[in-house]
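See below for structure.txt, which holds compact mmCIF, C-alpha atoms and all ligand atoms.
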```txt
# COMPACT_ATOMS: atom_id res chain seq x y z
CA MET A 147 -144.46 50.29 -68.12
CA ASN A 148 -146.42 51.04 -71.33
CA VAL A 149 -146.98 54.68 -72.24
CA LEU A 150 -149.57 55.72 -74.81
CA GLY A 151 -148.50 58.89 -76.66
CA ILE A 152 -150.81 61.26 -78.52
CA GLU A 153 -149.68 64.02 -80.93
CA THR A 154 -152.05 66.56 -82.50
CA SER A 155 -150.07 69.82 -82.48
CA CYS A 156 -150.22 70.54 -86.21
CA ASP A 157 -151.08 68.56 -89.33
CA GLU A 158 -150.19 65.01 -88.27
CA THR A 159 -152.55 62.97 -86.10
CA ALA A 160 -150.44 60.36 -84.33
CA VAL A 161 -150.62 57.70 -81.62
CA ALA A 162 -147.90 55.36 -80.32
CA VAL A 163 -147.28 52.92 -77.50
CA LEU A 164 -143.80 52.56 -76.02
CA ALA A 165 -142.62 50.05 -73.41
CA ASP A 166 -139.67 52.29 -72.54
CA ALA A 167 -138.06 55.37 -74.08
CA GLN A 168 -136.43 53.23 -76.79
CA ARG A 169 -138.87 50.34 -77.25
CA ILE A 170 -141.67 51.17 -79.70
CA LEU A 171 -144.57 48.72 -79.55
CA SER A 172 -146.65 50.66 -82.08
CA ASN A 173 -146.52 53.92 -83.99
CA VAL A 174 -149.30 55.14 -86.29
CA VAL A 175 -149.44 58.48 -88.07
CA PHE A 176 -152.12 60.02 -90.24
CA SER A 177 -150.68 62.79 -92.40
CA GLN A 178 -153.23 65.49 -93.22
CA ILE A 179 -151.12 66.93 -96.05
CA ALA A 180 -153.65 66.03 -98.76
CA ARG A 181 -156.43 67.83 -96.86
CA HIS A 182 -154.45 71.07 -96.57
CA ARG A 183 -152.76 71.01 -99.99
CA PRO A 184 -155.60 72.76 -101.86
CA TYR A 185 -155.09 75.78 -99.55
CA GLY A 186 -151.29 75.91 -99.89
CA GLY A 187 -150.66 75.51 -96.15
CA VAL A 188 -152.10 74.26 -92.87
CA VAL A 189 -155.65 75.49 -92.17
CA PRO A 190 -156.15 75.29 -88.37
CA GLU A 191 -159.90 74.55 -88.55
CA ILE A 192 -159.33 71.68 -90.97
CA ALA A 193 -156.47 70.36 -88.82
CA SER A 194 -158.53 70.19 -85.64
CA ARG A 195 -161.56 68.68 -87.39
CA CYS A 196 -159.31 66.09 -88.99
CA HIS A 197 -157.76 65.22 -85.60
CA VAL A 198 -161.28 64.64 -84.21
CA GLU A 199 -162.12 62.36 -87.13
CA GLU A 200 -158.90 60.35 -87.19
CA LEU A 201 -157.91 60.00 -83.53
CA PRO A 202 -160.38 57.25 -82.47
CA GLY A 203 -159.30 54.94 -85.32
CA LEU A 204 -155.62 55.64 -84.69
CA LEU A 205 -156.00 54.86 -80.97
CA ARG A 206 -157.54 51.50 -81.85
CA ALA A 207 -154.84 50.81 -84.46
CA ALA A 208 -152.02 51.67 -82.04
CA LEU A 209 -153.37 49.29 -79.41
CA GLU A 210 -153.88 46.57 -81.98
CA GLN A 211 -150.37 46.98 -83.40
CA ALA A 212 -148.96 46.84 -79.84
CA ARG A 213 -151.12 43.74 -79.15
CA LEU A 214 -152.47 45.37 -76.03
CA GLY A 215 -155.87 46.05 -74.52
CA TRP A 216 -156.66 49.27 -72.65
CA ASP A 217 -155.65 47.51 -69.44
CA GLY A 218 -152.11 47.27 -70.83
CA ILE A 219 -151.64 51.06 -70.77
CA ASP A 220 -149.88 52.42 -67.67
CA ALA A 221 -149.76 56.16 -68.48
CA VAL A 222 -150.97 58.62 -71.12
CA ALA A 223 -148.65 61.28 -72.60
CA VAL A 224 -149.87 64.08 -74.85
CA THR A 225 -148.39 67.08 -76.65
CA GLN A 226 -149.32 70.20 -74.69
CA GLY A 227 -147.56 72.75 -76.94
CA PRO A 228 -146.25 74.48 -78.88
CA GLY A 229 -148.66 74.17 -81.79
CA LEU A 230 -152.06 75.24 -83.06
CA ALA A 231 -154.36 75.86 -80.08
CA SER A 232 -157.44 74.21 -81.57
CA ALA A 233 -155.41 71.22 -82.76
CA LEU A 234 -153.66 70.73 -79.40
CA LEU A 235 -157.04 70.78 -77.63
CA VAL A 236 -158.22 67.68 -79.48
CA GLY A 237 -155.30 65.57 -78.28
CA LEU A 238 -155.44 67.04 -74.78
CA SER A 239 -159.18 66.33 -74.41
CA ALA A 240 -158.78 62.76 -75.64
CA ALA A 241 -155.77 62.15 -73.37
CA GLN A 242 -157.49 63.59 -70.30
CA ALA A 243 -160.61 61.51 -70.90
CA LEU A 244 -158.56 58.34 -71.44
CA ALA A 245 -156.39 58.84 -68.37
CA LEU A 246 -159.45 59.46 -66.25
CA ARG A 247 -161.29 56.41 -67.60
CA LEU A 248 -158.21 54.17 -67.20
CA ASP A 249 -157.32 55.70 -63.83
CA LYS A 250 -153.71 56.22 -64.98
CA PRO A 251 -151.28 59.16 -64.83
CA LEU A 252 -151.48 61.90 -67.47
CA LEU A 253 -148.37 63.75 -68.67
CA GLY A 254 -148.26 66.89 -70.82
CA VAL A 255 -145.22 66.91 -73.12
CA ASN A 256 -143.40 69.81 -74.75
CA HIS A 257 -143.35 69.07 -78.50
CA LEU A 258 -139.83 70.46 -78.82
CA GLU A 259 -138.52 68.17 -76.08
CA ALA A 260 -140.29 65.31 -77.86
CA HIS A 261 -138.33 66.07 -81.06
CA LEU A 262 -135.16 65.92 -78.98
CA TYR A 263 -136.09 62.46 -77.73
CA SER A 264 -136.60 61.28 -81.34
CA LEU A 265 -132.80 61.12 -81.54
CA PHE A 266 -132.81 58.23 -79.09
CA LEU A 267 -135.83 56.28 -80.32
CA ASP A 268 -133.92 53.66 -82.23
CA ALA A 269 -133.17 50.56 -80.17
CA SER A 270 -129.59 50.78 -81.46
CA ALA A 271 -129.23 54.44 -80.37
CA PRO A 272 -127.41 55.35 -77.17
CA ARG A 273 -129.34 56.68 -74.17
CA LEU A 274 -129.55 60.45 -73.75
CA GLU A 275 -127.76 60.22 -70.40
CA ALA A 276 -124.83 58.45 -72.05
CA VAL A 277 -124.12 61.22 -74.59
CA ALA A 278 -124.92 64.36 -72.57
CA PRO A 279 -123.74 67.05 -72.59
CA PHE A 280 -124.44 67.62 -76.28
CA ILE A 281 -125.91 70.17 -78.65
CA VAL A 282 -129.10 69.79 -80.65
CA LEU A 283 -130.00 71.71 -83.76
CA LEU A 284 -133.79 71.71 -83.73
CA VAL A 285 -135.25 72.41 -87.17
CA SER A 286 -138.99 72.10 -87.62
CA GLY A 287 -141.73 73.98 -89.42
CA GLY A 288 -142.27 76.37 -86.53
CA HIS A 289 -138.94 76.39 -84.69
CA THR A 290 -135.24 76.71 -85.33
CA GLY A 291 -132.81 76.75 -82.46
CA LEU A 292 -129.63 75.41 -80.89
CA ILE A 293 -130.02 73.78 -77.50
CA ARG A 294 -127.43 72.54 -75.05
CA VAL A 295 -128.62 69.34 -73.38
CA GLU A 296 -127.10 68.80 -69.97
CA GLY A 297 -129.20 65.74 -69.12
CA PRO A 298 -132.86 64.62 -69.09
CA GLY A 299 -135.02 67.71 -68.58
CA ARG A 300 -131.97 69.99 -68.33
CA TYR A 301 -131.81 72.19 -71.42
CA ARG A 302 -130.37 75.59 -72.25
CA LEU A 303 -131.36 77.54 -75.34
CA LEU A 304 -128.18 78.82 -77.00
CA GLY A 305 -129.65 80.51 -80.04
CA GLN A 306 -132.80 80.62 -82.12
CA THR A 307 -134.32 82.23 -85.16
CA LEU A 308 -135.22 85.88 -84.86
CA ASP A 309 -137.97 85.55 -87.48
CA ASP A 310 -138.84 82.57 -89.72
CA ALA A 311 -137.96 78.96 -88.90
CA ALA A 312 -135.85 76.93 -91.34
CA GLY A 313 -138.84 74.76 -92.32
CA GLU A 314 -140.96 77.88 -92.73
CA ALA A 315 -138.29 79.39 -95.01
CA LEU A 316 -138.37 76.25 -97.16
CA ASP A 317 -142.18 76.23 -97.18
CA LYS A 318 -142.33 79.92 -98.22
CA GLY A 319 -139.59 79.45 -100.82
CA ALA A 320 -141.42 76.47 -102.30
CA LYS A 321 -144.54 78.57 -102.66
CA LEU A 322 -142.61 81.30 -104.50
CA LEU A 323 -141.05 78.68 -106.76
CA GLY A 324 -144.51 77.33 -107.54
CA LEU A 325 -143.73 73.93 -106.00
CA GLY A 326 -146.61 73.71 -103.51
CA TYR A 327 -146.93 72.48 -99.92
CA PRO A 328 -145.22 71.22 -97.81
CA GLY A 329 -142.14 72.97 -99.11
CA GLY A 330 -139.23 71.06 -97.55
CA PRO A 331 -139.58 67.77 -99.43
CA LEU A 332 -140.59 69.54 -102.67
CA VAL A 333 -137.56 71.84 -102.59
CA GLU A 334 -135.36 68.82 -101.83
CA ARG A 335 -136.73 66.98 -104.85
CA ALA A 336 -136.55 70.02 -107.15
CA ALA A 337 -132.95 70.72 -106.05
CA ALA A 338 -131.69 67.30 -107.17
CA GLY A 339 -128.87 67.83 -109.66
CA GLY A 340 -129.10 71.62 -109.27
CA ASP A 341 -126.12 73.94 -108.77
CA PRO A 342 -126.20 75.33 -105.19
CA GLU A 343 -123.95 78.21 -106.27
CA PHE A 344 -126.15 79.32 -109.18
CA VAL A 345 -127.55 82.26 -107.16
CA SER A 346 -125.90 83.58 -104.02
CA PHE A 347 -128.87 84.14 -101.68
CA PRO A 348 -128.26 85.89 -98.32
CA ARG A 349 -127.14 83.66 -95.42
CA GLY A 350 -129.09 85.52 -92.75
CA LEU A 351 -127.35 87.32 -89.91
CA THR A 352 -123.85 88.48 -90.70
CA GLN A 353 -121.32 87.87 -87.94
CA GLY A 354 -121.86 90.30 -85.05
CA GLN A 355 -119.45 92.02 -82.71
CA PRO A 356 -117.88 89.70 -80.12
CA GLY A 357 -120.37 89.16 -77.30
CA GLU A 358 -123.27 90.81 -79.18
CA ARG A 359 -126.72 89.65 -78.00
CA ALA A 360 -129.98 89.16 -79.89
CA GLY A 361 -133.20 88.58 -77.98
CA GLY A 362 -131.12 87.81 -74.86
CA LEU A 363 -129.11 85.14 -76.72
CA ASP A 364 -125.70 84.99 -78.34
CA ARG A 365 -126.28 86.70 -81.71
CA ASP A 366 -123.73 84.50 -83.46
CA LEU A 367 -125.83 81.44 -82.62
CA CYS A 368 -129.10 82.99 -83.84
CA PHE A 369 -130.74 82.70 -87.26
CA SER A 370 -132.67 85.01 -89.56
CA TYR A 371 -134.49 83.81 -92.66
CA SER A 372 -136.87 86.65 -93.47
CA GLY A 373 -134.41 88.29 -95.91
CA LEU A 374 -133.93 85.04 -97.79
CA LYS A 375 -137.49 84.69 -99.05
CA THR A 376 -137.51 88.39 -100.00
CA ALA A 377 -134.31 87.83 -101.98
CA LEU A 378 -135.96 84.95 -103.84
CA LEU A 379 -139.06 87.06 -104.45
CA TYR A 380 -136.94 89.83 -106.04
CA TYR A 381 -134.89 87.35 -108.03
CA LEU A 382 -138.07 85.92 -109.51
CA LYS A 383 -139.40 89.43 -110.24
CA ASN A 384 -136.19 90.24 -112.09
CA HIS A 385 -136.12 86.91 -113.90
CA PRO A 386 -139.74 86.27 -114.92
CA GLY A 387 -140.47 82.65 -115.71
CA ALA A 388 -137.18 81.41 -114.17
CA ALA A 389 -139.00 79.05 -111.78
CA ALA A 390 -140.87 77.43 -114.64
CA GLY A 391 -137.79 76.88 -116.80
CA PRO A 392 -134.61 74.79 -116.79
CA ASP A 393 -133.12 76.88 -113.98
CA LEU A 394 -135.59 75.54 -111.40
CA PRO A 395 -133.20 72.86 -110.01
CA HIS A 396 -130.46 75.51 -109.67
CA LEU A 397 -132.79 77.96 -107.93
CA ALA A 398 -134.09 75.30 -105.54
CA ALA A 399 -130.55 74.07 -104.80
CA SER A 400 -129.28 77.63 -104.22
CA TYR A 401 -132.19 78.47 -101.92
CA GLN A 402 -131.82 75.24 -99.96
CA ALA A 403 -128.06 75.85 -99.66
CA ALA A 404 -128.68 79.29 -98.14
CA VAL A 405 -131.02 77.75 -95.53
CA PHE A 406 -128.59 74.95 -94.68
CA ASP A 407 -125.41 77.07 -94.74
CA ALA A 408 -126.81 79.16 -91.89
CA LEU A 409 -127.74 76.01 -89.93
CA VAL A 410 -124.38 74.30 -90.40
CA GLU A 411 -122.35 77.45 -89.71
CA ARG A 412 -124.08 78.17 -86.38
CA THR A 413 -123.90 74.51 -85.38
CA ALA A 414 -120.14 74.48 -86.05
CA ARG A 415 -119.78 77.61 -83.92
CA ALA A 416 -121.83 76.08 -81.09
CA ILE A 417 -119.74 72.88 -81.13
CA ALA A 418 -116.55 74.92 -80.83
CA ARG A 419 -117.89 77.18 -78.08
CA GLU A 420 -119.57 74.54 -75.97
CA GLY A 421 -116.81 71.96 -76.22
CA VAL A 422 -119.24 69.05 -76.52
CA ARG A 423 -118.49 65.61 -77.96
CA ALA A 424 -121.84 65.06 -79.69
CA VAL A 425 -124.29 67.00 -81.82
CA GLY A 426 -127.83 66.07 -82.82
CA CYS A 427 -130.28 67.38 -85.38
CA ALA A 428 -134.02 66.84 -84.89
CA GLY A 429 -137.32 68.08 -86.35
CA GLY A 430 -138.99 67.76 -89.74
CA VAL A 431 -136.19 69.46 -91.72
CA SER A 432 -133.64 66.95 -90.34
CA ILE A 433 -135.08 64.31 -92.67
CA ASN A 434 -133.41 66.15 -95.58
CA LYS A 435 -130.61 64.09 -97.11
CA THR A 436 -128.47 67.06 -98.12
CA LEU A 437 -128.64 68.49 -94.59
CA ARG A 438 -127.86 65.09 -93.07
CA ALA A 439 -124.82 64.72 -95.34
CA ARG A 440 -123.57 68.19 -94.50
CA LEU A 441 -123.92 67.56 -90.77
CA ALA A 442 -122.15 64.21 -91.17
CA ARG A 443 -119.25 66.05 -92.79
CA LEU A 444 -119.21 68.64 -90.01
CA ALA A 445 -119.24 65.93 -87.35
CA GLU A 446 -116.34 64.19 -89.06
CA GLN A 447 -114.33 67.41 -89.37
CA THR A 448 -114.89 68.36 -85.73
CA GLY A 449 -114.55 64.84 -84.33
CA VAL A 450 -117.97 64.81 -82.62
CA ARG A 451 -120.60 62.11 -82.68
CA LEU A 452 -123.65 62.85 -84.85
CA LEU A 453 -127.13 61.94 -83.59
CA LEU A 454 -129.95 61.80 -86.12
CA ALA A 455 -133.43 60.33 -85.76
CA PRO A 456 -134.44 57.50 -88.10
CA PRO A 457 -136.34 59.23 -90.99
CA PRO A 458 -139.86 58.16 -89.90
CA TYR A 459 -139.31 59.86 -86.55
CA CYS A 460 -137.97 63.19 -87.88
CA THR A 461 -141.38 64.60 -88.76
CA ASP A 462 -144.18 64.77 -86.19
CA ASN A 463 -145.09 61.47 -84.52
CA ALA A 464 -146.33 60.24 -81.16
CA ALA A 465 -143.48 57.80 -80.41
CA MET A 466 -141.26 60.77 -79.53
CA VAL A 467 -144.03 62.20 -77.32
CA ALA A 468 -144.30 58.99 -75.31
CA ALA A 469 -140.49 58.69 -75.21
CA ALA A 470 -140.13 62.15 -73.67
CA ALA A 471 -142.58 61.20 -70.88
CA PHE A 472 -140.52 58.30 -69.51
CA ARG A 473 -137.97 60.51 -67.78
CA ARG A 474 -140.79 61.71 -65.48
CA LEU A 475 -142.13 58.23 -64.68
CA PRO A 476 -143.04 56.80 -62.27
CA LEU A 477 -144.49 60.02 -60.88
CA PRO A 478 -143.04 60.88 -57.47
CA ALA A 479 -145.21 60.06 -54.46
CA GLY A 480 -147.68 62.86 -53.82
CA ALA A 481 -147.48 64.22 -57.39
CA GLU A 482 -150.77 65.04 -59.02
CA GLN A 483 -151.73 62.04 -61.20
CA ARG A 484 -153.94 63.86 -63.68
CA PRO A 485 -153.33 67.60 -63.75
CA THR A 486 -155.67 69.74 -65.85
CA LEU A 487 -153.64 70.42 -68.97
CA ASP A 488 -154.28 73.63 -70.88
CA ALA A 489 -153.04 73.95 -74.45
CA GLN A 490 -149.82 75.99 -74.54
CA PRO A 491 -149.53 77.17 -78.17
CA ASP A 492 -146.43 79.30 -77.49
CA LEU A 493 -144.50 76.90 -75.28
CA GLY A 494 -140.76 77.42 -75.74
CA PHE A 495 -137.70 75.37 -74.91
CA GLY A 496 -136.23 74.91 -71.43
O1 LIG B 1 -141.23 68.73 -87.15
P1 LIG B 1 -142.27 68.90 -88.20
O2 LIG B 1 -142.87 67.67 -88.80
O3 LIG B 1 -143.45 69.79 -87.69
C1 LIG B 1 -143.27 70.87 -86.82
O4 LIG B 1 -143.13 70.61 -85.61
O5 LIG B 1 -143.23 71.99 -87.37
O6 LIG B 1 -141.59 69.79 -89.35
C2 LIG B 1 -142.27 70.18 -90.50
C3 LIG B 1 -141.29 70.91 -91.40
C4 LIG B 1 -141.98 71.59 -92.59
O7 LIG B 1 -141.54 72.93 -92.70
C5 LIG B 1 -141.49 70.76 -93.77
O8 LIG B 1 -141.37 71.51 -94.97
C6 LIG B 1 -140.13 70.30 -93.29
O9 LIG B 1 -140.33 69.99 -91.93
N1 LIG B 1 -139.67 69.11 -94.02
C7 LIG B 1 -138.54 69.10 -94.76
C8 LIG B 1 -138.51 67.84 -95.41
N2 LIG B 1 -139.62 67.13 -95.03
C9 LIG B 1 -140.32 67.94 -94.18
N3 LIG B 1 -137.58 70.02 -94.93
C10 LIG B 1 -136.56 69.71 -95.76
N4 LIG B 1 -136.47 68.54 -96.44
C11 LIG B 1 -137.42 67.58 -96.29
N5 LIG B 1 -137.33 66.44 -96.98
ZN ZN B 2 -142.72 68.96 -84.83
```

Produce structure tokens that represent the structure in this file.
Amino acid sequence: MNVLGIETSCDETAVAVLADAQRILSNVVFSQIARHRPYGGVVPEIASRCHVEELPGLLRAALEQARLGWDGIDAVAVTQGPGLASALLVGLSAAQALALRLDKPLLGVNHLEAHLYSLFLDASAPRLEAVAPFIVLLVSGGHTGLIRVEGPGRYRLLGQTLDDAAGEALDKGAKLLGLGYPGGPLVERAAAGGDPEFVSFPRGLTQGQPGERAGGLDRDLCFSYSGLKTALLYYLKNHPGAAAGPDLPHLAASYQAAVFDALVERTARAIAREGVRAVGCAGGVSINKTLRARLARLAEQTGVRLLLAPPPYCTDNAAMVAAAAFRRLPLPAGAEQRPTLDAQPDLGFG
């Protein structure tokens, strides 16, 4: 069964065709970064216009790369949320029109679940069912959370950020450091050779009382990054010109360490509490080599298996969207083949 996946939730326009959840026939991505860079961040109107312009060509390219005609597509999967409403609508409209024209099932996919499935995209990766139960640290531009995966479609949110996401913290920090957009890769590059202990930036939430809750979740598994960017802002006010001088690598490394310390500490706590044998890390920030190395060390110390997506599938792509649809296929008898899918900009996990 060949599933065509479409992703337009933010600033990547992407199409892929998968023959099963781990067999990628084609995967094409158009990154809009250059279009948004002059504005220092994603401009929703530009994102949706760019999706409209790029999607037809990417659909053709994905079919060509998969060596398939339209008659070779058995189902259409599309990101339904979370994301930018106007951007999501472009993918949803295209997917609905295609499914109708091809007379095939249409599936709306949660973008966060899609990131989770990126951990299993590699043909050499295990199947989700084989490693569950496990924990996933989801770190993207808009979300940061810890999820317990019981099995396909069975997820429980353990903790999440109370304010900024990890990727957002890196993006905001990069702006303050004068590095530009998108922040994550620029901070990673600037931090090379820097001393992560040069400045001790705050690590977010301090440990709470036993059993303390935050937003209905275990406070000790939650994150807070809003104080971190303020700390950097004040540091730069008190040290004018520091970001333009030789201390830049140290500042970038120290800032990045504060973001990652909080991630690794909560993940360690979740592993201990949940008693799982595997931990995964997915989402755009998980492409970061320093974070990957730190999680590898944690996995070794705690004796759990580490699941990471191959780098091209960490950031937004459509292969993961198609992959996440397979667990629901074939649709059960009597299920609606092509439901009307509204954009769900605030869709959460589980
Ligand atoms: O998952 P993603 O592509 O989009 C969302 O669903 O949000 O994640 C984008 C985030 C951005 O905040 C970006 O700065 C971050 O991933 N990112 C990185 C790196 N590359 C992208 N963060 C740290 N290091 C990187 N090399
Ligand atoms: Zn994403």

(Q) What does the list of residues within 7 Å of ligand ZN 2 (chain B) look like if you count all atoms listed in the file, written as a list of chain:residue names? (A)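 Protein and nucleic-acid residues within 7 Å of ligand ZN 2 (chain B): A:His257, A:Leu258, A:His261, A:Ser286, A:Gly287, A:Gly429, A:Gly430, A:Thr461, A:Asp462.
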
| query | Quick one: residues within 9 Å of Ser155 of chain A, only C-alpha atoms counted, chain neighbours fewer than 3 positions away excluded, as a list in words? | reply |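 Counting only C-alpha atoms, the residues come to Glu158, Thr159, Thr225, Gln226, Gly227, Pro228, Gly229, Leu230, Ala231, Ser232, Ala233, Leu234, Leu235, Val236, Gly237, His257, Asp462 and Pro491 of chain A.
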
Take the residues from that selection and put them in a file with C-alpha atoms, as a PDB file, keeping the file's coordinate frame.
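Okay, result-v4.pdb is ready:
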```
ATOM      1  CA  GLU A 158    -150.190  65.010 -88.270  1.00  0.00           C
ATOM      2  CA  THR A 159    -152.550  62.970 -86.100  1.00  0.00           C
ATOM      3  CA  THR A 225    -148.390  67.080 -76.650  1.00  0.00           C
ATOM      4  CA  GLN A 226    -149.320  70.200 -74.690  1.00  0.00           C
ATOM      5  CA  GLY A 227    -147.560  72.750 -76.940  1.00  0.00           C
ATOM      6  CA  PRO A 228    -146.250  74.480 -78.880  1.00  0.00           C
ATOM      7  CA  GLY A 229    -148.660  74.170 -81.790  1.00  0.00           C
ATOM      8  CA  LEU A 230    -152.060  75.240 -83.060  1.00  0.00           C
ATOM      9  CA  ALA A 231    -154.360  75.860 -80.080  1.00  0.00           C
ATOM     10  CA  SER A 232    -157.440  74.210 -81.570  1.00  0.00           C
ATOM     11  CA  ALA A 233    -155.410  71.220 -82.760  1.00  0.00           C
ATOM     12  CA  LEU A 234    -153.660  70.730 -79.400  1.00  0.00           C
ATOM     13  CA  LEU A 235    -157.040  70.780 -77.630  1.00  0.00           C
ATOM     14  CA  VAL A 236    -158.220  67.680 -79.480  1.00  0.00           C
ATOM     15  CA  GLY A 237    -155.300  65.570 -78.280  1.00  0.00           C
ATOM     16  CA  HIS A 257    -143.350  69.070 -78.500  1.00  0.00           C
ATOM     17  CA  ASP A 462    -144.180  64.770 -86.190  1.00  0.00           C
ATOM     18  CA  PRO A 491    -149.530  77.170 -78.170  1.00  0.00           C
TER      19      PRO A 491
END
```

* Could you give me, as an MDAnalysis selection string, the residues within 7 Å of Ala241 of chain A, counting only C-alpha atoms and dropping anything in the same chain fewer than 4 positions from it? => chainID A and resid 222 224 237 245

For this session: Record the distance separating atom CA of Ile219 of chain A and atom CA of Glu482 of chain A, expressed in Å with one decimal.
Result: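 One can read the atom CA of Ile219 of chain A to atom CA of Glu482 of chain A distance as 18.3 Å.
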
Contacts between segment 443-455 of chain A and segment 249-353 of chain A, please, where a residue of segment 249-353 of chain A counts if it comes within 8 Å (with all atoms listed in the file); show its shortest atom pair and distance in Å to one decimal, rows by chain and ascending number, as JSON lines.
```
{"residue": "A:Ser264", "atom": "CA", "partner": "A:Ala455", "partner_atom": "CA", "distance": 5.5}
{"residue": "A:Leu265", "atom": "CA", "partner": "A:Ala455", "partner_atom": "CA", "distance": 4.3}
{"residue": "A:Phe266", "atom": "CA", "partner": "A:Ala455", "partner_atom": "CA", "distance": 7.0}
{"residue": "A:Leu267", "atom": "CA", "partner": "A:Ala455", "partner_atom": "CA", "distance": 7.2}
{"residue": "A:Asp268", "atom": "CA", "partner": "A:Ala455", "partner_atom": "CA", "distance": 7.6}
```

Protein and nucleic acid residues within 10 Å of ligand LIG 1 (chain B) (only C-alpha atoms and all ligand atoms) as JSON, numbers by chain
{"A": [155, 156, 157, 158, 177, 227, 228, 229, 257, 258, 260, 261, 284, 285, 286, 287, 288, 289, 290, 311, 312, 313, 314, 315, 316, 317, 318, 320, 327, 328, 329, 330, 331, 332, 333, 334, 335, 402, 405, 406, 428, 429, 430, 431, 432, 433, 434, 435, 436, 437, 438, 457, 459, 460, 461, 462, 463]}

Could you tell me how far atom CA of Val425 of chain A lies from atom CA of Arg412 of chain A, in Å and to one decimal?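 According to the coordinates, atom CA of Val425 of chain A and atom CA of Arg412 of chain A are separated by 12.1 Å.
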
Review point. Which residues come within 12 Å of Gly387 of chain A, counting all atoms listed in the file, excluding same-chain residues fewer than 4 positions away, as JSON, numbers by chain?
Key: {"A": [322, 323, 324, 381, 382, 383, 391, 392, 393, 394, 397]}

Go ahead and save the picked residues with C-alpha atoms, as a tab-separated table (two decimals), in the coordinates of the input.
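File selection.tsv, as written:
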```tsv
chain	number	residue	atom	x	y	z
A	322	LEU	CA	-142.61	81.30	-104.50
A	323	LEU	CA	-141.05	78.68	-106.76
A	324	GLY	CA	-144.51	77.33	-107.54
A	381	TYR	CA	-134.89	87.35	-108.03
A	382	LEU	CA	-138.07	85.92	-109.51
A	383	LYS	CA	-139.40	89.43	-110.24
A	391	GLY	CA	-137.79	76.88	-116.80
A	392	PRO	CA	-134.61	74.79	-116.79
A	393	ASP	CA	-133.12	76.88	-113.98
A	394	LEU	CA	-135.59	75.54	-111.40
A	397	LEU	CA	-132.79	77.96	-107.93
```

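Between atom CA of Phe495 of chain A and atom CA of Ser372 of chain A the interatomic distance comes to 21.7 Å.
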
Counting all atoms listed in the file, the residue among A:Leu205, A:Ala360, A:Cys196, A:Ala403 that lies closest to Ala162 of chain A is A:Leu205

| said: Report as a list in words all protein, DNA and RNA residues lying within 10 Å of Gly299 of chain A, evaluated on all atoms listed in the file, omitting residues in the same chain fewer than 3 positions from it. | reply: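 Once the adjacent positions are removed, what remains is Glu259, Val295, Glu296, Arg302, Ala470, Arg473, Arg474 and Gly496 of chain A.
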